[in-house]
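**Q** Have a look at this one.
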Amino acid sequence: MFYILSAIIIIFAILSVTSNKLYRATMYLLFVLVAVSGLYFMMEYDFMGAVQLSVYAGGIMVLFIYAVMMTDNIGKPMRNISWKRKILPFIIAIGTAGLAIYAIFSYQGISQTHEATVTNVEQVGEKLLSYKAGGYVLPFEVISILLLAVMIAAIVIAKAKKLVNSEKN
Amino acid sequence: MILTNTTNYFAQFVSYMSEHMGLGGQILAYVVIAALYLAFFAVAGLLLVYIERRVAAFFQLRLGPNRVGPWGLLQTIADALKLVSKEIFGTNRKDNLLYHTAYYLVIVASLVALSVIPFGKGIQAYDLNIGIFFISAISSVGVLSIIFGGWGSNNKYSLIGGMRSGLQMISYELSSGLAILTIILMAGTLRMSGIVEAQQGTWFIIKGHIPALIAFIIFVIAGTAESNRTPFDLPEGEAELGAGYHSEYSGMGFAYFFLAEFINMFIISAVAVTLFFGGWLAPFHLTDSLAWQPLWGVIWFFLKVSVMIFFMMWFRWTFPRLRIDQLLTLEWKYLLPIGLLNIILMAVVVYFNLLVRF
């Protein structure tokens, strides 16, 4: 199961980078994200899998699609980039992948037969709102305030034109 | 992969098969379950199309399909046969890959959502401990397939239909999510079977009185909008957009979109029944002492779901279609604030234990 999912992830990740049609690239990216959530479900970490599905495959992908629509010439295939400009990204990608693989293989700390633990939503929620040691209530509140600020800012930007017009009148 | 802490008939079947036939048996069992769900999908989809047409005729004082087979029951099968035999024929410069994956994606999304719905006690393919959240997560993937289909057709009407659908489904997902959360406050679990078990005494719509009723109304409105049905069927407003996102699809491509829409209606109704009307539980414990408990559960579940579906069809033939700005105003200015306040109200009700109990 793991090998099938990993194969899907790798193949579609490569396709989404190399595809010369933007819209197809977003669809390949969708498959990658769904397959990653499949990995979480395989590990029986259902909550993380569903979050991956709703946040990345649902939310971020829609955002991407609308962003892609803003670019010009989406219908036509992109122009080919000369191989000279492809070399540096290629080296960086290979280097990063090699570094990650090296880091994983040089790390010996994980025992391979780890006891299976099922993390359920109750535990996640209690940890998120606990103010004892190891609790996440401070980051949680900070992120809430940040999100609120972003929302208000978005409303202000959306309404700015209207406000200016009403001041003129 | 299936959790086995309650008696789940599908899980029992899988473990029985794997005990007797090894890995091959396990895979065979999974295939059998998948085939069962596919068969259910097809039969329910065709039946729902038939019922929709009969209900529409009923509301318009007509007869509806009544010639093919007894009471016209075979009409939709004849239609499906016709659609199968038709060629899938699109525009010349369509994006072939997107065009053809879109209808498979939409089918897969609704099939996966179907797998976590409890049809009866233990009759559920995958009893996730976050089942209800999983359904809302999957439905957000379903949106993408419609947008892809709209884009891939290379037709401006399809594109506009797809964009409208995306806009509408993303907006109304918030309200339906808030309505679900309100009920979760009472149930204390996200597991679908757990939500049903929590209603053993009284159904949530009675137990949670005012906030539950408000949540139910919000959920039905948002659910109707999410399944792209009238009065929210702007994505396929035939007066402006041809047939919307599936106007370039013919044959089975069109049929898949059509079936998925009806199955989504079934899913919305099933979730509403699970959340508010006690799922498979019998009203007033009518059949609790009889034999064949799981069977009775399934019967009650389908009775409740068909009542809900009838209501949704009733909406379709009663209300006129909304305009796009009215649609967004309804969601962002009315449903969302009401939903947020409703959660606070429900929290107060649960905290001070003001629930109705018999």
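Letters for chains follow the order of the structure tokens (A, B, ...), residue numbers begin at 1 for each chain, and ligand numbers begin at 1 in the order shown.
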Sort by chain and increasing residue number a table of all residues of chain A within 8 Å of chain B, each with its closest pair of atoms and their distance in Å to one decimal, counting only C-alpha atoms, and write it as JSON lines.

**A**
{"residue": "A:Arg24", "atom": "CA", "partner": "B:Leu98", "partner_atom": "CA", "distance": 6.9}
{"residue": "A:Met27", "atom": "CA", "partner": "B:Leu98", "partner_atom": "CA", "distance": 7.8}
{"residue": "A:Met42", "atom": "CA", "partner": "B:Met1", "partner_atom": "CA", "distance": 7.3}
{"residue": "A:Glu44", "atom": "CA", "partner": "B:Met1", "partner_atom": "CA", "distance": 7.6}
{"residue": "A:Asp46", "atom": "CA", "partner": "B:Ile130", "partner_atom": "CA", "distance": 6.9}
{"residue": "A:Phe47", "atom": "CA", "partner": "B:Ile130", "partner_atom": "CA", "distance": 6.4}
{"residue": "A:Ala50", "atom": "CA", "partner": "B:Phe134", "partner_atom": "CA", "distance": 5.4}
{"residue": "A:Val51", "atom": "CA", "partner": "B:Ala137", "partner_atom": "CA", "distance": 7.4}
{"residue": "A:Leu53", "atom": "CA", "partner": "B:Ala137", "partner_atom": "CA", "distance": 5.6}
{"residue": "A:Ser54", "atom": "CA", "partner": "B:Ala137", "partner_atom": "CA", "distance": 4.2}
{"residue": "A:Val55", "atom": "CA", "partner": "B:Ala137", "partner_atom": "CA", "distance": 8.0}
{"residue": "A:Ala57", "atom": "CA", "partner": "B:Val141", "partner_atom": "CA", "distance": 6.2}
{"residue": "A:Gly58", "atom": "CA", "partner": "B:Ser140", "partner_atom": "CA", "distance": 4.8}
{"residue": "A:Gly59", "atom": "CA", "partner": "B:Ser140", "partner_atom": "CA", "distance": 7.5}
{"residue": "A:Met61", "atom": "CA", "partner": "B:Leu144", "partner_atom": "CA", "distance": 7.8}
{"residue": "A:Val62", "atom": "CA", "partner": "B:Leu144", "partner_atom": "CA", "distance": 6.9}
{"residue": "A:Asn120", "atom": "CA", "partner": "B:Asn129", "partner_atom": "CA", "distance": 7.0}
{"residue": "A:Val121", "atom": "CA", "partner": "B:Ile130", "partner_atom": "CA", "distance": 7.4}

**Q** Could you list, as a PyMOL selection string, every residue within 10 Å of B:Arg53, counting only C-alpha atoms and ignoring same-chain residues fewer than 2 positions away?

**A** chain B and resi 47-51+55-59+63-65+76+313

**Q** Per DSSP on the backbone, filter stretch 237-318 of chain B down to the residues in helix (DSSP H, G or I) and report them as a VMD selection string.

**A** chain B and resid 238 to 241 244 to 246 251 to 276 283 to 285 293 to 316

**Q** From the set B:Ile183, B:Gly253, B:Pro320, B:Tyr30, which residue has the shortest atom-to-atom contact distance to B:Ser85, counting only C-alpha atoms?

**A** B:Gly253

**Q** Find the spatial neighbours of A:Glu141, counting only C-alpha atoms, within a cut-off of 10 Å - ignore same-chain residues fewer than 5 positions away - and output them as a list of chain:residue names.

**A**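 In the requested form, the answer reads A:Leu128, A:Leu129, A:Tyr136, A:Leu146, A:Leu147.
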
**Q** Print the selection's residues with C-alpha atoms to a file, as a compact mmCIF listing (two decimals), in the first residue's frame.

**A**
# COMPACT_ATOMS: atom_id res chain seq x y z
CA LEU A 128 -4.42 22.38 21.66
CA LEU A 129 -6.26 24.15 24.47
CA TYR A 136 -0.48 24.69 22.68
CA LEU A 146 -3.50 36.62 13.31
CA LEU A 147 -6.36 35.14 11.31

**Q** Do a neighbour search on B:Pro118 at 7 Å with only C-alpha atoms, toss out local chain neighbours closer than 6 positions, and write the hits as a PDB file with C-alpha atoms, in the first residue's frame.

**A**
ATOM      1  CA  GLN B 124     -20.698   0.843   7.344  1.00  0.00           C
ATOM      2  CA  MET B 192     -20.715   8.633  12.554  1.00  0.00           C
ATOM      3  CA  SER B 193     -21.832   5.540  14.469  1.00  0.00           C
TER       4      SER B 193
END
